[in-house]
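Structure below is work-v1.txt: compact mmCIF, C-alpha atoms and all ligand atoms.
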```txt
# COMPACT_ATOMS: atom_id res chain seq x y z
CA VAL G 68 224.03 32.20 414.85
CA ASN G 69 224.59 28.94 416.59
CA LEU G 70 222.77 25.84 417.82
CA PRO G 71 221.77 24.32 414.51
CA LYS G 72 219.24 21.57 414.74
CA LEU G 73 219.86 19.18 411.92
CA SER G 74 218.10 15.94 412.54
CA LEU G 75 218.50 13.13 410.10
CA LEU G 76 215.54 10.92 410.74
CA PRO G 77 215.01 7.80 408.69
CA LEU G 78 211.35 6.95 408.29
CA VAL G 79 211.91 3.23 407.95
CA GLY G 80 214.22 1.69 410.47
CA LEU G 81 217.05 3.62 412.02
CA SER G 82 220.15 1.50 411.95
CA ALA G 83 221.90 1.96 415.25
CA PHE G 84 225.29 3.59 415.29
CA THR G 85 227.16 0.35 415.68
CA PHE G 86 229.89 0.27 413.15
CA ALA G 87 230.79 -2.71 411.07
CA VAL G 88 233.77 -0.72 409.91
CA ALA G 89 237.06 -1.79 411.46
CA PRO G 90 238.40 0.97 413.76
CA GLY G 91 241.54 1.32 411.69
CA LYS G 92 239.43 2.11 408.66
CA SER G 93 237.38 4.88 410.23
CA PRO G 94 237.32 7.87 407.93
CA THR G 95 238.82 11.13 409.05
CA PHE G 96 236.78 14.26 408.58
CA HIS G 97 237.69 17.88 408.20
CA PRO G 98 237.34 19.52 411.66
CA MET G 99 234.61 21.83 410.39
CA VAL G 100 232.26 18.98 409.43
CA SER G 101 229.32 18.86 411.84
CA HIS G 102 228.62 16.03 414.24
CA ASP G 103 225.27 15.29 412.58
CA SER G 104 226.82 15.01 409.14
CA LYS G 105 229.60 12.74 410.38
CA SER G 106 227.05 10.56 412.18
CA CYS G 107 224.93 10.23 409.08
CA PHE G 108 227.99 9.33 407.00
CA MET G 109 229.14 6.74 409.54
CA SER G 110 225.63 5.31 409.70
CA ALA G 111 225.66 4.91 405.92
CA MET G 112 229.06 3.21 406.07
CA SER G 113 227.76 0.90 408.76
CA ASP G 114 224.77 -0.01 406.58
CA ALA G 115 227.00 -0.63 403.59
CA GLY G 116 229.27 -2.81 405.71
CA LYS G 117 226.26 -5.02 406.38
CA ASN G 118 225.31 -5.06 402.67
CA LYS G 119 222.33 -2.78 403.40
CA PHE G 120 223.09 -0.73 400.34
CA GLN G 121 219.76 1.02 399.78
CA PRO G 122 219.59 2.82 403.15
CA ALA G 123 223.29 3.61 402.81
CA LEU G 124 222.70 5.27 399.44
CA ALA G 125 219.65 7.13 400.75
CA LYS G 126 221.72 8.66 403.56
CA LEU G 127 224.68 9.52 401.35
CA GLU G 128 222.50 11.11 398.68
CA ALA G 129 220.77 13.11 401.41
CA LEU G 130 224.14 14.41 402.61
CA LEU G 131 225.10 15.35 399.07
CA MET G 132 221.65 16.80 398.35
CA VAL G 133 221.59 15.27 394.88
CA ASP G 134 218.15 16.72 394.15
CA PRO G 135 217.95 20.51 393.89
CA VAL G 136 217.14 22.14 397.23
CA THR G 137 214.62 24.90 396.60
CA VAL G 138 214.73 27.84 399.02
CA GLY G 139 211.82 30.24 399.40
CA ILE G 140 210.47 32.86 401.78
CA ASP G 141 207.36 32.42 403.88
CA ARG G 142 205.38 35.46 402.72
CA THR G 143 203.24 35.49 405.84
CA SER G 144 206.28 35.86 408.08
CA ALA G 145 208.26 38.71 406.56
CA CYS G 146 207.84 42.00 408.31
CA GLY G 147 206.81 44.99 406.26
CA SER G 148 207.04 44.62 402.51
CA SER G 149 207.03 40.93 401.69
CA ASN G 150 209.57 41.39 398.91
CA GLN G 151 212.18 43.41 400.77
CA TYR G 152 214.39 40.40 401.47
CA ASP G 153 214.16 38.64 398.10
CA LYS G 154 217.45 39.94 396.75
CA ASP G 155 219.22 39.32 400.05
CA VAL G 156 218.11 35.70 400.16
CA ALA G 157 219.13 35.26 396.51
CA ARG G 158 222.55 36.66 397.34
CA GLY G 159 222.84 34.26 400.28
CA LEU G 160 222.35 31.39 397.84
CA GLY G 161 224.71 33.09 395.41
CA ILE G 162 227.51 32.98 397.98
CA TRP G 163 227.50 29.19 397.79
CA HIS G 164 226.98 29.19 394.03
CA SER G 165 230.12 31.28 393.65
CA ALA G 166 232.08 29.07 395.99
CA LEU G 167 231.01 25.63 394.75
CA ASN G 168 230.54 24.27 391.27
CA ASP G 169 227.85 21.90 392.55
CA SER G 170 225.78 24.00 394.95
CA PRO G 171 222.42 22.26 395.47
CA PHE G 172 220.52 25.45 396.32
CA VAL G 173 218.06 27.08 393.91
CA LEU G 174 215.56 29.85 394.50
CA ALA G 175 211.97 28.61 394.70
CA LYS G 176 209.96 30.03 391.83
CA ASP G 177 206.50 28.62 392.43
CA SER G 178 205.27 30.32 395.57
CA SER G 179 202.27 28.00 395.83
CA ALA G 180 204.34 24.90 396.60
CA ARG G 181 206.32 24.58 399.79
CA PRO G 182 210.02 24.94 399.01
CA THR G 183 212.48 22.41 400.39
CA VAL G 184 213.72 25.09 402.77
CA LEU G 185 211.16 27.64 403.91
CA ILE G 186 212.64 30.84 405.33
CA LYS G 187 210.71 32.55 408.10
CA PHE G 188 211.68 36.05 409.16
CA VAL G 189 211.07 36.39 412.88
CA LYS G 190 211.66 39.06 415.51
CA SER G 191 213.48 36.71 417.87
CA ILE G 192 214.22 33.07 418.50
CA ASP G 193 213.45 31.75 421.92
CA ASN G 194 216.17 29.18 422.23
CA GLN G 195 218.10 28.40 425.42
CA GLY G 196 218.52 32.05 426.28
CA GLY G 197 221.03 32.56 423.50
CA ASP G 198 221.12 35.61 421.31
CA LEU G 199 220.58 33.88 418.00
CA GLN G 200 220.40 35.52 414.61
CA GLY G 201 219.35 32.43 412.72
CA MET G 202 218.55 28.76 412.97
CA ILE G 203 217.81 25.91 410.61
CA GLU G 204 215.78 22.82 411.29
CA ALA G 205 216.00 20.07 408.72
CA GLU G 206 214.72 16.55 408.53
CA HIS G 207 215.59 13.88 406.06
CA GLU G 208 213.06 11.13 405.54
CA PHE G 209 214.63 7.97 404.21
CA LYS G 210 212.65 5.17 402.66
CA TRP G 211 214.00 2.01 401.14
CA ASN G 212 213.32 -1.55 400.25
CA GLY G 213 215.64 -4.19 398.85
CA SER G 214 216.15 -2.52 395.51
CA GLN G 215 215.21 1.16 395.79
CA HIS G 216 215.61 4.13 398.07
CA THR G 217 214.38 7.69 398.36
CA SER G 218 215.17 10.57 400.63
CA LYS G 219 213.18 13.71 401.17
CA LEU G 220 214.40 16.88 402.84
CA VAL G 221 212.12 19.30 404.65
CA GLY G 222 213.72 22.33 406.23
CA THR G 223 212.72 25.55 407.95
CA MET G 224 215.15 28.41 408.36
CA TYR G 225 214.52 31.18 410.88
CA VAL G 226 216.16 34.53 410.27
CA VAL G 227 215.93 37.06 413.08
CA TYR G 228 215.50 40.36 411.28
CA ARG G 229 216.28 42.51 414.31
CA THR G 230 219.68 43.19 415.82
CA GLY G 231 219.99 45.65 418.68
CA ASN G 232 217.31 48.24 417.95
CA ARG G 233 217.42 48.11 414.17
CA ASN G 234 216.54 45.74 411.32
CA LEU G 235 219.26 43.69 409.70
CA SER G 236 220.98 45.26 406.72
CA HIS G 237 220.70 43.59 403.34
CA ASP G 238 224.23 42.19 403.64
CA GLU G 239 223.50 40.87 407.11
CA VAL G 240 220.44 38.96 405.84
CA SER G 241 222.55 37.43 403.06
CA GLU G 242 225.18 36.40 405.59
CA VAL G 243 222.69 34.73 407.93
CA VAL G 244 221.08 32.84 405.03
CA ALA G 245 224.49 31.66 403.78
CA HIS G 246 225.50 30.63 407.32
CA GLU G 247 222.39 28.50 407.78
CA LEU G 248 222.81 26.92 404.32
CA GLY G 249 226.38 26.14 405.40
CA HIS G 250 224.90 23.91 408.09
CA LEU G 251 222.91 22.04 405.44
CA LEU G 252 226.15 21.52 403.54
CA GLY G 253 227.55 19.83 406.63
CA LEU G 254 229.44 22.62 408.39
CA THR G 255 229.50 23.18 412.11
CA ASP G 256 229.67 26.55 413.88
CA ALA G 257 233.07 28.17 414.18
CA ASP G 258 234.55 30.47 416.83
CA THR G 259 236.37 32.66 414.37
CA THR G 260 234.98 35.73 412.66
CA THR G 261 236.46 34.88 409.29
CA GLY G 262 234.14 33.12 406.87
CA LEU G 263 230.48 32.35 407.29
CA MET G 264 230.23 29.95 410.19
CA GLY G 265 231.46 32.10 413.08
CA PRO G 266 229.28 34.19 415.37
CA PHE G 267 227.16 37.00 413.93
CA VAL G 268 228.77 40.40 414.38
CA ALA G 269 226.35 43.28 413.87
CA GLY G 270 227.59 45.77 411.34
CA ALA G 271 230.34 43.50 410.00
CA PRO G 272 228.69 41.02 407.63
CA ARG G 273 230.92 38.42 405.99
CA LEU G 274 229.84 37.33 402.54
CA ALA G 275 232.14 34.45 401.58
CA PRO G 276 233.23 31.18 403.16
CA SER G 277 236.73 30.99 404.59
CA GLY G 278 239.28 28.77 402.87
CA SER G 279 238.87 26.26 405.67
CA GLU G 280 235.09 26.20 405.32
CA LEU G 281 235.34 25.74 401.58
CA ASP G 282 237.89 22.93 402.03
CA ALA G 283 235.59 21.24 404.53
CA VAL G 284 232.56 21.33 402.23
CA GLN G 285 234.50 20.20 399.17
CA GLN G 286 236.35 17.43 401.00
CA PHE G 287 233.20 16.14 402.67
CA ARG G 288 231.21 16.16 399.43
CA GLN G 289 234.03 14.25 397.75
CA GLN G 290 234.07 11.73 400.61
CA VAL G 291 230.34 11.20 400.16
CA ARG G 292 230.70 10.81 396.39
CA ASP G 293 233.55 8.32 396.78
CA GLU G 294 231.45 6.27 399.17
CA ILE G 295 228.47 6.30 396.77
CA ASP G 296 230.78 5.14 393.96
CA HIS G 297 232.21 2.44 396.21
CA ILE G 298 228.71 1.13 397.00
CA GLU G 299 227.51 1.30 393.42
CA ASP G 300 230.51 -0.82 392.41
CA GLN G 301 229.20 -3.53 394.74
CA LEU G 302 225.62 -3.51 393.45
ZN ZN P 401 225.15 28.24 413.11
```
For this file, write the structure as structure tokens.
Ligand SMILES: [Zn+2]
Amino acid sequence: VNLPKLSLLPLVGLSAFTFAVAPGKSPTFHPMVSHDSKSCFMSAMSDAGKNKFQPALAKLEALLMVDPVTVGIDRTSACGSSNQYDKDVARGLGIWHSALNDSPFVLAKDSSARPTVLIKFVKSIDNQGGDLQGMIEAEHEFKWNGSQHTSKLVGTMYVVYRTGNRNLSHDEVSEVVAHELGHLLGLTDADTTTGLMGPFVAGAPRLAPSGSELDAVQQFRQQVRDEIDHIEDQL
């Protein structure tokens, strides 16, 4: 469960990562915050430093996921019974709901519309020869003009339903889903096998974030909120 691909692609004008922020004022991040999330935050700060407030807000709101992020299963992808993983996916979302009072994730109800994050159950992931149990690809589209901004998230999560010569257990599916959602919340992969973000260990699913992971998510979300407040004070 490594190698997340989380690209944050603005649709209109990517401001280069040249920082107007004085070096002494660079924010410090919890060590478990991912490179992509830090880059997006710094890019927003750079925009704000140049009075480009709308793209800054678009990026910060994308990091915070202010709009509910619906999560649903691709029914054409699931092996066997298409409903066998429903409860496991719901429990994966529930792990973050229990841990956070502002989890952005909600189960998709309308199966006719594409959810924000579409989960595909696959037999394997062909990715750099690694033995991966899951992966998430997510793109943010940012649009703005002088007075408004929007951001739209489109994500696809791959869950490898095989490990060794068996299918994943229900708990293991929940763990992989929660791990990949952890990346969306801004977490990077960990080396440790406590919490959600470490390597997958067959037969030993972990169903709650570590204290460090929870601190990282909460601190980062507060940093983003503080920066949004700071910008809105200047508007
Ligand atoms: Zn990962």
Protein and nucleic residues near ligand ZN 401 (chain P), 10 Å, all atoms listed in the file, as a PyMOL selection string:
chain G and resi 68-72+199-203+243+245-250+254-257+263-267
Which is closer to G:Ala180 than all the others in G:Ala111, G:Ile140, G:Val226, G:Leu302, using all atoms listed in the file?
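Under the stated criterion, the closest residue is G:Ile140.
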Could you jot down the atom CA of G:Leu235 to atom CA of G:Ala269 separation for me, Å, one decimal place?
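Separation of atom CA of G:Leu235 and atom CA of G:Ala269: 8.2 Å.
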Compare G:Thr230, G:Gln301, G:Thr95, G:Gln121 by their minimum atom-to-atom distance to G:Ile192, counting all atoms listed in the file, and give me the closest one.
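With all atoms listed in the file as the atom set, the closest residue is G:Thr230.
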Have a look at G:Cys107, G:Met99, G:Val221, G:Val136 and name the one nearest to G:Pro122; count only C-alpha atoms.
G:Cys107
What is the distance between atom CA of G:Ser279 and atom CA of G:Asp169, in Å to one decimal?
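So the answer is 17.7 Å.
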Quick one: everything within 10 Å of G:Asn212, counting all atoms listed in the file, minus sequence neighbours fewer than 2 positions away in the same chain. Send it as a list in words.
Val79, Lys119, Phe120, Gln121, Pro122, Lys210, Ser214, Gln215, His216 and Thr217 of chain G
Keeping only C-alpha atoms, write the selected residues as a JSON list (two decimals), in the coordinates of the input.
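What follows is the written file selection-v2.json:
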```json
[["chain", "number", "residue", "atom", "x", "y", "z"],
["G", 79, "VAL", "CA", 211.91, 3.23, 407.95],
["G", 119, "LYS", "CA", 222.33, -2.78, 403.40],
["G", 120, "PHE", "CA", 223.09, -0.73, 400.34],
["G", 121, "GLN", "CA", 219.76, 1.02, 399.78],
["G", 122, "PRO", "CA", 219.59, 2.82, 403.15],
["G", 210, "LYS", "CA", 212.65, 5.17, 402.66],
["G", 214, "SER", "CA", 216.15, -2.52, 395.51],
["G", 215, "GLN", "CA", 215.21, 1.16, 395.79],
["G", 216, "HIS", "CA", 215.61, 4.13, 398.07],
["G", 217, "THR", "CA", 214.38, 7.69, 398.36]]
```
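In terms of minimum interatomic distance to G:Ile186, G:Thr223 ranks closest within G:Ser165, G:Gly213, G:Thr223, G:Tyr152, counting all atoms listed in the file.
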With all atoms listed in the file as the atoms that count, which of G:Lys117, G:Arg181, G:Arg292, G:Lys126 lies nearest to G:Phe209?
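For G:Phe209, the nearest of the given residues is G:Lys126.
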Suppose you want the space between atom CA of G:Thr261 and atom CA of G:Leu185; what is it in Å?
26.9 Å
Using all atoms listed in the file, find the one residue out of G:Lys176, G:Lys154, G:Lys105, G:His237 that sits nearest to G:Thr137.
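Closest candidate: G:Lys176.
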